[in-house]
$ cat structure-v1.cif   # mmCIF, C-alpha atoms
data_protein
loop_
_atom_site.group_PDB
_atom_site.id
_atom_site.type_symbol
_atom_site.label_atom_id
_atom_site.label_comp_id
_atom_site.auth_asym_id
_atom_site.auth_seq_id
_atom_site.Cartn_x
_atom_site.Cartn_y
_atom_site.Cartn_z
ATOM 1 C CA MET A 19 0.000 0.000 0.000
ATOM 2 C CA ALA A 20 1.275 3.461 -0.892
ATOM 3 C CA ASN A 21 2.411 5.635 1.978
ATOM 4 C CA ILE A 22 -0.143 8.475 1.959
ATOM 5 C CA GLN A 23 1.110 11.649 3.627
ATOM 6 C CA THR A 24 -1.261 12.883 6.310
ATOM 7 C CA LEU A 25 -1.997 16.598 6.203
ATOM 8 C CA ASP A 26 -3.243 18.858 8.955
ATOM 9 C CA PRO A 27 -5.693 21.204 7.165
ATOM 10 C CA SER A 28 -5.494 23.670 10.041
ATOM 11 C CA ALA A 29 -1.709 24.068 9.785
ATOM 12 C CA SER A 30 -1.714 26.681 7.015
ATOM 13 C CA PRO A 31 -3.686 27.812 3.955
ATOM 14 C CA LEU A 32 -1.354 25.709 1.797
ATOM 15 C CA ASP A 33 -2.000 22.611 3.921
ATOM 16 C CA TYR A 34 -5.738 23.200 3.747
ATOM 17 C CA TYR A 35 -5.553 23.607 -0.027
ATOM 18 C CA GLY A 36 -3.663 20.325 -0.436
ATOM 19 C CA TRP A 37 -5.990 18.482 1.942
ATOM 20 C CA GLU A 38 -9.092 19.798 0.176
ATOM 21 C CA LEU A 39 -7.691 19.028 -3.282
ATOM 22 C CA ARG A 40 -7.103 15.415 -2.266
ATOM 23 C CA ARG A 41 -10.557 15.170 -0.687
ATOM 24 C CA GLN A 42 -12.320 16.628 -3.720
ATOM 25 C CA ARG A 43 -10.330 14.482 -6.156
ATOM 26 C CA GLU A 44 -11.053 11.280 -4.260
ATOM 27 C CA ALA A 45 -14.731 12.207 -3.947
ATOM 28 C CA ALA A 46 -14.783 12.410 -7.754
ATOM 29 C CA CYS A 47 -13.181 8.938 -7.899
ATOM 30 C CA LEU A 48 -10.185 10.267 -9.808
ATOM 31 C CA LYS A 49 -6.546 9.293 -9.468
ATOM 32 C CA GLN A 50 -3.895 11.986 -9.581
ATOM 33 C CA GLY A 51 -2.968 11.142 -13.161
ATOM 34 C CA GLN A 52 -6.593 11.159 -14.267
ATOM 35 C CA LEU A 53 -7.205 14.607 -12.830
ATOM 36 C CA GLY A 54 -3.952 15.736 -14.384
ATOM 37 C CA ASP A 55 -5.131 14.574 -17.806
ATOM 38 C CA ILE A 56 -8.344 16.572 -17.417
ATOM 39 C CA ILE A 57 -6.635 19.844 -16.450
ATOM 40 C CA PHE A 58 -3.568 19.371 -18.702
ATOM 41 C CA CYS A 59 -0.848 18.797 -16.136
ATOM 42 C CA THR A 60 0.996 15.793 -14.719
ATOM 43 C CA GLY A 61 -0.253 13.554 -11.946
ATOM 44 C CA SER A 62 3.053 14.281 -10.249
ATOM 45 C CA LEU A 63 2.166 17.980 -10.033
ATOM 46 C CA ILE A 64 -1.194 17.082 -8.497
ATOM 47 C CA GLY A 65 0.626 14.978 -5.913
ATOM 48 C CA GLN A 66 3.145 17.721 -5.132
ATOM 49 C CA ILE A 67 0.358 20.244 -4.531
ATOM 50 C CA GLU A 68 -1.627 17.801 -2.422
ATOM 51 C CA THR A 69 1.406 17.268 -0.191
ATOM 52 C CA THR A 70 2.369 21.003 -0.066
ATOM 53 C CA LYS A 71 5.634 20.419 -1.930
ATOM 54 C CA LYS A 72 4.465 22.785 -4.652
ATOM 55 C CA VAL A 73 2.459 26.008 -4.389
ATOM 56 C CA PRO A 74 -0.519 26.092 -6.774
ATOM 57 C CA THR A 75 -1.150 28.935 -9.190
ATOM 58 C CA ARG A 76 -4.375 30.819 -9.883
ATOM 59 C CA ASP A 77 -4.618 29.218 -13.331
ATOM 60 C CA PHE A 78 -4.280 25.743 -11.798
ATOM 61 C CA SER A 79 -6.967 26.590 -9.248
ATOM 62 C CA GLU A 80 -9.411 27.767 -11.895
ATOM 63 C CA ARG A 81 -8.896 24.592 -13.940
ATOM 64 C CA VAL A 82 -9.412 22.398 -10.879
ATOM 65 C CA ASP A 83 -12.614 24.258 -10.033
ATOM 66 C CA ALA A 84 -13.919 23.625 -13.539
ATOM 67 C CA ALA A 85 -12.884 19.956 -13.551
ATOM 68 C CA LEU A 86 -14.258 19.104 -10.097
ATOM 69 C CA CYS A 87 -17.271 21.464 -10.190
ATOM 70 C CA THR A 88 -16.340 23.035 -6.850
ATOM 71 C CA GLY A 89 -18.222 26.296 -7.342
ATOM 72 C CA GLY A 90 -14.984 28.323 -7.440
ATOM 73 C CA MET A 91 -13.710 27.140 -4.061
ATOM 74 C CA PHE A 92 -10.054 26.784 -5.097
ATOM 75 C CA SER A 93 -10.128 30.104 -6.968
ATOM 76 C CA ARG A 94 -11.220 31.767 -3.738
ATOM 77 C CA LEU A 95 -8.717 29.863 -1.616
ATOM 78 C CA ILE A 96 -5.708 30.585 -3.801
ATOM 79 C CA GLY A 97 -5.570 34.216 -2.650
ATOM 80 C CA LEU A 98 -5.016 33.102 0.946
ATOM 81 C CA VAL A 99 -2.471 30.508 -0.154
ATOM 82 C CA LEU A 100 -0.388 32.981 -2.146
ATOM 83 C CA ARG A 101 -0.581 35.639 0.545
ATOM 84 C CA SER A 102 0.745 33.085 3.035
ATOM 85 C CA GLN A 103 3.905 32.850 0.893
ATOM 86 C CA LEU A 104 4.793 36.458 1.685
ATOM 87 C CA PRO A 105 7.434 37.001 4.389
ATOM 88 C CA ALA A 106 5.830 36.748 7.833
ATOM 89 C CA TRP A 107 6.737 40.349 8.659
ATOM 90 C CA PHE A 108 5.024 41.598 5.480
ATOM 91 C CA GLN A 109 1.747 39.683 5.757
ATOM 92 C CA PRO A 110 0.077 42.132 8.203
ATOM 93 C CA TYR A 111 0.756 44.953 5.747
ATOM 94 C CA ALA A 112 -0.697 42.957 2.839
ATOM 95 C CA ASP A 113 -3.819 42.276 4.916
ATOM 96 C CA MET A 114 -4.292 45.982 5.648
ATOM 97 C CA GLU A 115 -3.496 46.958 2.055
ATOM 98 C CA ALA A 116 -6.331 44.710 0.874
ATOM 99 C CA LYS A 117 -8.759 46.533 3.198
ATOM 100 C CA ALA A 118 -7.645 50.108 2.548
ATOM 101 C CA ALA A 119 -9.949 52.657 0.931
ATOM 102 C CA PHE A 120 -7.160 55.123 0.141
ATOM 103 C CA ILE A 121 -3.419 54.522 -0.216
ATOM 104 C CA SER A 122 -0.793 57.221 -0.633
ATOM 105 C CA THR A 123 2.839 56.228 -1.075
ATOM 106 C CA TYR A 124 6.195 57.808 -1.791
ATOM 107 C CA GLN A 125 8.808 55.493 -3.305
ATOM 108 C CA SER A 126 12.417 56.615 -3.532
ATOM 109 C CA GLN A 127 14.139 53.463 -4.854
ATOM 110 C CA VAL A 128 11.806 51.183 -6.841
ATOM 111 C CA VAL A 129 8.366 51.196 -8.438
ATOM 112 C CA TYR A 130 5.510 50.714 -5.975
ATOM 113 C CA GLY A 131 4.693 46.988 -5.609
ATOM 114 C CA LEU A 132 1.118 47.275 -6.909
ATOM 115 C CA LEU A 133 2.455 48.822 -10.124
ATOM 116 C CA GLN A 134 5.323 46.430 -10.828
ATOM 117 C CA THR A 135 5.355 44.172 -13.856
ATOM 118 C CA GLU A 136 6.048 40.519 -13.145
ATOM 119 C CA GLU A 137 9.564 40.595 -14.600
ATOM 120 C CA TYR A 138 10.428 43.807 -12.740
ATOM 121 C CA ALA A 139 9.105 42.305 -9.495
ATOM 122 C CA ARG A 140 11.191 39.188 -10.075
ATOM 123 C CA ALA A 141 14.349 41.279 -10.470
ATOM 124 C CA VAL A 142 13.597 43.301 -7.326
ATOM 125 C CA LEU A 143 12.762 40.278 -5.188
ATOM 126 C CA ALA A 144 15.798 38.354 -6.437
ATOM 127 C CA THR A 145 18.090 40.882 -4.744
ATOM 128 C CA GLY A 146 17.168 39.298 -1.409
ATOM 129 C CA MET A 147 18.426 35.915 -2.717
ATOM 130 C CA PRO A 148 15.316 34.007 -1.538
ATOM 131 C CA ASP A 149 14.927 30.251 -1.865
ATOM 132 C CA ASP A 150 11.315 30.624 -3.031
ATOM 133 C CA LEU A 151 11.594 33.432 -5.574
ATOM 134 C CA GLU A 152 8.756 32.276 -7.843
ATOM 135 C CA ASN A 153 6.349 31.968 -4.907
ATOM 136 C CA LEU A 154 7.226 35.505 -3.821
ATOM 137 C CA VAL A 155 6.651 36.797 -7.343
ATOM 138 C CA ALA A 156 3.281 35.027 -7.521
ATOM 139 C CA ALA A 157 2.309 36.503 -4.160
ATOM 140 C CA ARG A 158 3.220 40.024 -5.312
ATOM 141 C CA MET A 159 1.167 39.610 -8.477
ATOM 142 C CA GLU A 160 -1.731 38.342 -6.367
ATOM 143 C CA ARG A 161 -1.616 41.551 -4.310
ATOM 144 C CA GLN A 162 -2.303 43.506 -7.474
ATOM 145 C CA ARG A 163 -5.728 41.892 -7.847
ATOM 146 C CA ILE A 164 -7.147 44.613 -5.600
ATOM 147 C CA LEU A 165 -6.777 46.921 -8.619
ATOM 148 C CA GLU A 166 -9.278 44.751 -10.512
ATOM 149 C CA ARG A 167 -12.101 45.201 -8.035
ATOM 150 C CA GLU A 168 -15.248 47.029 -9.031
ATOM 151 C CA HIS A 169 -14.343 49.604 -6.380
ATOM 152 C CA PRO A 170 -10.563 49.415 -5.829
ATOM 153 C CA PRO A 171 -8.805 51.695 -3.357
ATOM 154 C CA LEU A 172 -7.913 55.166 -4.542
ATOM 155 C CA ILE A 173 -4.123 55.138 -4.846
ATOM 156 C CA TRP A 174 -1.801 58.132 -5.075
ATOM 157 C CA VAL A 175 1.798 57.282 -5.948
ATOM 158 C CA ILE A 176 4.792 59.620 -5.924
ATOM 159 C CA LEU A 177 7.926 58.168 -7.497
ATOM 160 C CA ASP A 178 11.327 59.770 -7.148
ATOM 161 C CA GLU A 179 12.772 60.434 -10.596
ATOM 162 C CA ALA A 180 15.654 58.118 -9.675
ATOM 163 C CA VAL A 181 13.183 55.217 -9.867
ATOM 164 C CA LEU A 182 12.682 55.901 -13.579
ATOM 165 C CA HIS A 183 16.401 55.828 -14.342
ATOM 166 C CA ARG A 184 17.440 52.801 -12.277
ATOM 167 C CA PRO A 185 17.495 49.905 -14.833
ATOM 168 C CA ILE A 186 16.102 47.130 -12.655
ATOM 169 C CA GLY A 187 16.261 43.835 -14.549
ATOM 170 C CA GLY A 188 18.001 45.366 -17.542
ATOM 171 C CA ARG A 189 16.933 47.669 -20.375
ATOM 172 C CA ASP A 190 14.051 45.623 -21.770
ATOM 173 C CA VAL A 191 12.516 44.945 -18.360
ATOM 174 C CA MET A 192 12.771 48.602 -17.409
ATOM 175 C CA ARG A 193 11.346 49.810 -20.706
ATOM 176 C CA ARG A 194 8.289 47.592 -20.268
ATOM 177 C CA GLN A 195 7.949 48.731 -16.640
ATOM 178 C CA LEU A 196 7.869 52.387 -17.664
ATOM 179 C CA LEU A 197 5.325 51.601 -20.353
ATOM 180 C CA HIS A 198 3.216 49.874 -17.701
ATOM 181 C CA LEU A 199 3.279 53.044 -15.590
ATOM 182 C CA LEU A 200 2.023 55.050 -18.549
ATOM 183 C CA GLU A 201 -0.902 52.667 -18.938
ATOM 184 C CA PHE A 202 -2.272 54.105 -15.690
ATOM 185 C CA ALA A 203 -2.251 57.664 -17.055
ATOM 186 C CA ASP A 204 -6.034 57.702 -17.526
ATOM 187 C CA HIS A 205 -6.889 55.301 -14.732
ATOM 188 C CA ARG A 206 -9.807 56.427 -12.601
ATOM 189 C CA TRP A 207 -8.444 55.106 -9.296
ATOM 190 C CA MET A 208 -4.719 55.724 -9.755
ATOM 191 C CA ARG A 209 -2.651 58.902 -9.783
ATOM 192 C CA ILE A 210 1.093 58.829 -10.436
ATOM 193 C CA GLN A 211 3.368 61.809 -9.871
ATOM 194 C CA VAL A 212 7.122 62.051 -10.287
ATOM 195 C CA LEU A 213 9.312 63.988 -7.874
ATOM 196 C CA PRO A 214 11.976 65.445 -10.213
ATOM 197 C CA PHE A 215 15.669 65.727 -9.486
ATOM 198 C CA ALA A 216 15.221 69.491 -9.783
ATOM 199 C CA ALA A 217 13.210 69.466 -6.547
ATOM 200 C CA GLY A 218 16.488 69.121 -4.648
ATOM 201 C CA GLU A 219 16.070 68.533 -0.925
ATOM 202 C CA HIS A 220 12.573 67.521 0.163
ATOM 203 C CA THR A 221 10.572 66.309 3.167
ATOM 204 C CA SER A 222 11.295 62.596 2.725
ATOM 205 C CA LEU A 223 14.979 62.401 1.969
ATOM 206 C CA ASP A 224 15.208 59.729 4.654
ATOM 207 C CA GLY A 225 13.166 57.206 2.684
ATOM 208 C CA SER A 226 9.919 55.773 1.378
ATOM 209 C CA PHE A 227 6.669 55.513 3.301
ATOM 210 C CA THR A 228 3.036 54.569 2.751
ATOM 211 C CA THR A 229 -0.132 55.798 4.415
ATOM 212 C CA MET A 230 -3.366 53.786 4.347
ATOM 213 C CA ARG A 231 -6.811 55.127 5.145
ATOM 214 C CA PHE A 232 -9.815 52.939 5.933
ATOM 215 C CA GLU A 233 -13.575 53.320 6.032
ATOM 216 C CA SER A 234 -13.791 52.920 9.801
ATOM 217 C CA ASP A 235 -10.348 52.017 11.199
ATOM 218 C CA PRO A 236 -7.575 54.481 12.135
ATOM 219 C CA ASP A 237 -5.069 55.554 9.485
ATOM 220 C CA ILE A 238 -1.812 53.580 9.349
ATOM 221 C CA VAL A 239 1.699 54.579 8.330
ATOM 222 C CA TYR A 240 4.020 51.875 6.979
ATOM 223 C CA THR A 241 7.789 52.051 6.584
ATOM 224 C CA GLU A 242 10.523 49.502 5.916
ATOM 225 C CA ASP A 243 14.081 49.092 7.069
ATOM 226 C CA ILE A 244 16.714 46.727 5.712
ATOM 227 C CA VAL A 245 15.144 43.580 7.212
ATOM 228 C CA SER A 246 11.466 44.213 7.978
ATOM 229 C CA GLY A 247 8.471 46.538 7.855
ATOM 230 C CA HIS A 248 6.750 48.601 10.532
ATOM 231 C CA MET A 249 3.154 49.810 10.841
ATOM 232 C CA THR A 250 1.851 52.355 13.296
ATOM 233 C CA ALA A 251 -1.460 54.085 13.961
ATOM 234 C CA SER A 252 0.130 56.676 16.251
ATOM 235 C CA PRO A 253 -1.773 59.938 15.662
ATOM 236 C CA ASP A 254 1.448 61.940 15.857
ATOM 237 C CA THR A 255 3.163 59.763 13.227
ATOM 238 C CA VAL A 256 0.098 59.768 10.967
ATOM 239 C CA ARG A 257 -0.126 63.554 11.208
ATOM 240 C CA GLU A 258 3.603 63.956 10.445
ATOM 241 C CA ALA A 259 3.327 61.591 7.455
ATOM 242 C CA ALA A 260 0.319 63.496 6.100
ATOM 243 C CA LEU A 261 2.216 66.781 6.368
ATOM 244 C CA ARG A 262 5.265 65.359 4.617
ATOM 245 C CA TYR A 263 3.144 63.847 1.871
ATOM 246 C CA ALA A 264 1.351 67.150 1.271
ATOM 247 C CA HIS A 265 4.746 68.803 0.762
ATOM 248 C CA LEU A 266 5.814 66.011 -1.612
ATOM 249 C CA GLN A 267 2.630 66.382 -3.669
ATOM 250 C CA ALA A 268 3.161 70.122 -3.916
ATOM 251 C CA THR A 269 6.766 69.633 -5.038
ATOM 252 C CA ALA A 270 6.166 66.744 -7.458
ATOM 253 C CA LEU A 271 5.222 67.284 -11.078
ATOM 254 C CA PRO A 272 1.493 67.287 -11.895
ATOM 255 C CA VAL A 273 0.089 64.005 -13.176
ATOM 256 C CA GLU A 274 0.200 65.020 -16.853
ATOM 257 C CA GLU A 275 3.744 66.386 -16.633
ATOM 258 C CA SER A 276 4.803 63.241 -14.769
ATOM 259 C CA ALA A 277 3.548 61.084 -17.635
ATOM 260 C CA ALA A 278 5.450 63.316 -20.058
ATOM 261 C CA LEU A 279 8.644 62.859 -18.035
ATOM 262 C CA ILE A 280 8.220 59.067 -18.002
ATOM 263 C CA THR A 281 7.765 59.211 -21.782
ATOM 264 C CA ARG A 282 10.883 61.343 -22.152
ATOM 265 C CA VAL A 283 12.957 58.935 -20.051
ATOM 266 C CA MET A 284 11.797 56.067 -22.270
ATOM 267 C CA GLU A 285 12.863 57.981 -25.370
ATOM 268 C CA GLU A 286 16.209 59.190 -24.037
ATOM 269 C CA CYS A 287 17.296 56.051 -22.170
ATOM 270 C CA TYR A 288 15.719 53.336 -24.305
ATOM 271 C CA GLY A 289 15.127 54.962 -27.690
ATOM 272 C CA ASP A 290 11.492 54.006 -27.465
ATOM 273 C CA ARG A 291 8.527 56.321 -27.935
ATOM 274 C CA PRO A 292 5.539 54.592 -26.326
ATOM 275 C CA ARG A 293 2.410 54.066 -28.381
ATOM 276 C CA LEU A 294 -0.548 53.914 -26.051
ATOM 277 C CA GLU A 295 -4.045 53.224 -27.231
ATOM 278 C CA LYS A 296 -6.780 55.084 -25.442
ATOM 279 C CA ARG A 297 -8.728 52.765 -23.211
ATOM 280 C CA ALA A 298 -11.723 53.098 -20.990
ATOM 281 C CA VAL A 299 -10.820 54.067 -17.437
ATOM 282 C CA ALA A 300 -11.185 51.336 -14.857
#
$ encode --input "structure-v1.cif" --output "structure tokens"
Amino acid sequence: MANIQTLDPSASPLDYYGWELRRQREAACLKQGQLGDIIFCTGSLIGQIETTKKVPTRDFSERVDAALCTGGMFSRLIGLVLRSQLPAWFQPYADMEAKAAFISTYQSQVVYGLLQTEEYARAVLATGMPDDLENLVAARMERQRILEREHPPLIWVILDEAVLHRPIGGRDVMRRQLLHLLEFADHRWMRIQVLPFAAGEHTSLDGSFTTMRFESDPDIVYTEDIVSGHMTASPDTVREAALRYAHLQATALPVEESAALITRVMEECYGDRPRLEKRAVA
């Protein structure tokens, strides 16, 4: 008799996913290989996911839902699974980010996480030399699903001009990242400003920060150091962050001029004039 690994479904979202996948598959009287044939993957992959050796993807989850007629259960569960792959210190922030009604952020080094392309995110996350890079990338992409909601949070992003010039991932990756930023130029829920080099000294020379506002909970300020992140609802800190952000907004280029600067950087650094089709605002 095969040695069947016993899972504790309460141990983690990933354990619950694997346990439920096995239960649903067996209830349908399917072997791992048979289910794999139906959803166009190997039985080995099914087994690895059932035993938590492999993290499932959203595409896999949607195909399993269709094959096993689960009513979208795995598609709903995958968000929790991917979020659980984030570093433990970052998960509380991701939880609050998903609940926020308004987010304002200043980024001095890299593009804001919710605006990163997958290849740009991979290059950024790889600098930490993680063992589970692809899981971290998938988790970051999953965070961006809040932008697809019918009523996403209103997000105001200020990027230091240095962010536009730093070639994360190489020229092609950076060119596509800048083009992605321009795609938000007419977005209803997103505003992107650039703080130009010409601004000189400003109120946040000491680093990036993010403020989140909620429908009923207190505002939160989030910052990061070299190893972890920190959130606080201290009224004094929130007030100081709001004051600093107001100064940054006043100093940064207007939204239209910011888009023009991003376009100019693409032309001057990458010899590429973006061609954007007008699209309906989200």
$ closest_residue --input "structure-v1.cif" --among "A:Pro27, A:His205, A:Leu197, A:Ile96" --to "Glu166 in chain A" --atoms "all atoms listed in the file"
A:His205
$ resolve_selection --input "structure-v1.cif" --expression "the PyMOL selection byres ((chain A and resi 259) around 10)" --output "PDB file with C-alpha atoms, keeping the file's coordinate frame"
ATOM      1  CA  THR A 221      10.572  66.309   3.167  1.00  0.00           C
ATOM      2  CA  SER A 222      11.295  62.596   2.725  1.00  0.00           C
ATOM      3  CA  PHE A 227       6.669  55.513   3.301  1.00  0.00           C
ATOM      4  CA  THR A 228       3.036  54.569   2.751  1.00  0.00           C
ATOM      5  CA  THR A 229      -0.132  55.798   4.415  1.00  0.00           C
ATOM      6  CA  ILE A 238      -1.812  53.580   9.349  1.00  0.00           C
ATOM      7  CA  VAL A 239       1.699  54.579   8.330  1.00  0.00           C
ATOM      8  CA  TYR A 240       4.020  51.875   6.979  1.00  0.00           C
ATOM      9  CA  PRO A 253      -1.773  59.938  15.662  1.00  0.00           C
ATOM     10  CA  ASP A 254       1.448  61.940  15.857  1.00  0.00           C
ATOM     11  CA  THR A 255       3.163  59.763  13.227  1.00  0.00           C
ATOM     12  CA  VAL A 256       0.098  59.768  10.967  1.00  0.00           C
ATOM     13  CA  ARG A 257      -0.126  63.554  11.208  1.00  0.00           C
ATOM     14  CA  GLU A 258       3.603  63.956  10.445  1.00  0.00           C
ATOM     15  CA  ALA A 260       0.319  63.496   6.100  1.00  0.00           C
ATOM     16  CA  LEU A 261       2.216  66.781   6.368  1.00  0.00           C
ATOM     17  CA  ARG A 262       5.265  65.359   4.617  1.00  0.00           C
ATOM     18  CA  TYR A 263       3.144  63.847   1.871  1.00  0.00           C
ATOM     19  CA  ALA A 264       1.351  67.150   1.271  1.00  0.00           C
ATOM     20  CA  HIS A 265       4.746  68.803   0.762  1.00  0.00           C
TER      21      HIS A 265
END
$ atom_distance --input "structure-v1.cif" --atom1 "CA of Asp190 in chain A" --atom2 "CA of Gln211 in chain A"
22.8 Å
$ closest_residue --input "structure-v1.cif" --among "A:Ala139, A:Val212, A:Leu63, A:Cys47" --to "His183 in chain A" --atoms "all atoms listed in the file"
A:Val212
$ closest_residue --input "structure-v1.cif" --among "A:Thr241, A:Ser79, A:Ser126, A:Thr135" --to "Arg158 in chain A" --atoms "all atoms listed in the file"
A:Thr135
$ resolve_selection --input "structure-v1.cif" --expression "the PyMOL selection byres ((chain A and resi 162) around 12)" --output "short mmCIF file (atom, residue, chain, number, x, y, z; two decimals) with C-alpha atoms, keeping the file's coordinate frame"
data_model
loop_
_atom_site.label_atom_id
_atom_site.label_comp_id
_atom_site.auth_asym_id
_atom_site.auth_seq_id
_atom_site.Cartn_x
_atom_site.Cartn_y
_atom_site.Cartn_z
CA GLY A 97 -5.57 34.22 -2.65
CA LEU A 100 -0.39 32.98 -2.15
CA ARG A 101 -0.58 35.64 0.55
CA ALA A 112 -0.70 42.96 2.84
CA GLU A 115 -3.50 46.96 2.06
CA ALA A 116 -6.33 44.71 0.87
CA TYR A 130 5.51 50.71 -5.98
CA GLY A 131 4.69 46.99 -5.61
CA LEU A 132 1.12 47.28 -6.91
CA LEU A 133 2.46 48.82 -10.12
CA GLN A 134 5.32 46.43 -10.83
CA THR A 135 5.36 44.17 -13.86
CA GLU A 136 6.05 40.52 -13.14
CA ALA A 139 9.10 42.30 -9.49
CA VAL A 155 6.65 36.80 -7.34
CA ALA A 156 3.28 35.03 -7.52
CA ALA A 157 2.31 36.50 -4.16
CA ARG A 158 3.22 40.02 -5.31
CA MET A 159 1.17 39.61 -8.48
CA GLU A 160 -1.73 38.34 -6.37
CA ARG A 161 -1.62 41.55 -4.31
CA ARG A 163 -5.73 41.89 -7.85
CA ILE A 164 -7.15 44.61 -5.60
CA LEU A 165 -6.78 46.92 -8.62
CA GLU A 166 -9.28 44.75 -10.51
CA ARG A 167 -12.10 45.20 -8.04
CA PRO A 170 -10.56 49.42 -5.83
CA PRO A 171 -8.80 51.70 -3.36
#
$ resolve_selection --input "structure-v1.cif" --expression "the PyMOL selection byres ((chain A and resi 68) around 8)" --output "ChimeraX atom specification"
/A:33,35-37,39-40,64-67,69-71
$ atom_distance --input "structure-v1.cif" --atom1 "CA of Ser226 in chain A" --atom2 "CA of Asp243 in chain A"
9.7 Å
$ closest_residue --input "structure-v1.cif" --among "A:Ala141, A:Ala217, A:Leu200, A:Ala84" --to "Gly188 in chain A" --atoms "only C-alpha atoms"
A:Ala141
$ residues_near_point --input "structure-v1.cif" --point "(-2.9, 57.6, -7.2)" --cutoff "10 Å" --atoms "all atoms listed in the file" --output "ChimeraX atom specification"
/A:120-123,171-176,202-203,205-211,273
$ closest_residue --input "structure-v1.cif" --among "A:Leu86, A:Leu196, A:Val245, A:Met147" --to "Trp107 in chain A" --atoms "all atoms listed in the file"
A:Val245
$ closest_residue --input "structure-v1.cif" --among "A:Gln42, A:Thr281, A:Thr24, A:Ser30" --to "Leu98 in chain A" --atoms "all atoms listed in the file"
A:Ser30
$ decode --input "structure-v1.cif" --residues "range 159-171 of chain A" --atoms "N, CA, C and O atoms" --output "compact mmCIF listing (two decimals), in the first residue's frame"
# COMPACT_ATOMS: atom_id res chain seq x y z
N MET A 159 2.16 39.44 -7.40
CA MET A 159 1.17 39.61 -8.48
C MET A 159 -0.25 39.44 -7.93
O MET A 159 -1.18 40.12 -8.37
N GLU A 160 -0.41 38.55 -6.97
CA GLU A 160 -1.73 38.34 -6.37
C GLU A 160 -2.18 39.60 -5.63
O GLU A 160 -3.38 39.94 -5.64
N ARG A 161 -1.26 40.30 -4.98
CA ARG A 161 -1.62 41.55 -4.31
C ARG A 161 -2.26 42.54 -5.27
O ARG A 161 -3.16 43.30 -4.90
N GLN A 162 -1.82 42.53 -6.51
CA GLN A 162 -2.30 43.51 -7.47
C GLN A 162 -3.75 43.28 -7.88
O GLN A 162 -4.36 44.14 -8.54
N ARG A 163 -4.34 42.17 -7.49
CA ARG A 163 -5.73 41.89 -7.85
C ARG A 163 -6.68 42.89 -7.20
O ARG A 163 -7.83 43.02 -7.66
N ILE A 164 -6.25 43.60 -6.18
CA ILE A 164 -7.15 44.61 -5.60
C ILE A 164 -7.43 45.73 -6.60
O ILE A 164 -8.45 46.42 -6.49
N LEU A 165 -6.55 45.90 -7.60
CA LEU A 165 -6.78 46.92 -8.62
C LEU A 165 -7.89 46.52 -9.58
O LEU A 165 -8.40 47.38 -10.32
N GLU A 166 -8.27 45.25 -9.59
CA GLU A 166 -9.28 44.75 -10.51
C GLU A 166 -10.68 44.74 -9.91
O GLU A 166 -11.64 44.36 -10.56
N ARG A 167 -10.79 45.17 -8.67
CA ARG A 167 -12.10 45.20 -8.04
C ARG A 167 -13.01 46.23 -8.71
O ARG A 167 -12.54 47.18 -9.35
N GLU A 168 -14.30 46.05 -8.51
CA GLU A 168 -15.25 47.03 -9.03
C GLU A 168 -15.02 48.39 -8.38
O GLU A 168 -15.13 49.43 -9.03
N HIS A 169 -14.67 48.38 -7.10
CA HIS A 169 -14.34 49.60 -6.38
C HIS A 169 -12.99 49.41 -5.68
O HIS A 169 -12.93 49.13 -4.49
N PRO A 170 -11.89 49.56 -6.43
CA PRO A 170 -10.56 49.41 -5.83
C PRO A 170 -10.26 50.61 -4.94
O PRO A 170 -10.96 51.63 -4.98
N PRO A 171 -9.20 50.52 -4.15
CA PRO A 171 -8.80 51.69 -3.36
C PRO A 171 -8.32 52.81 -4.28
O PRO A 171 -7.79 52.55 -5.36
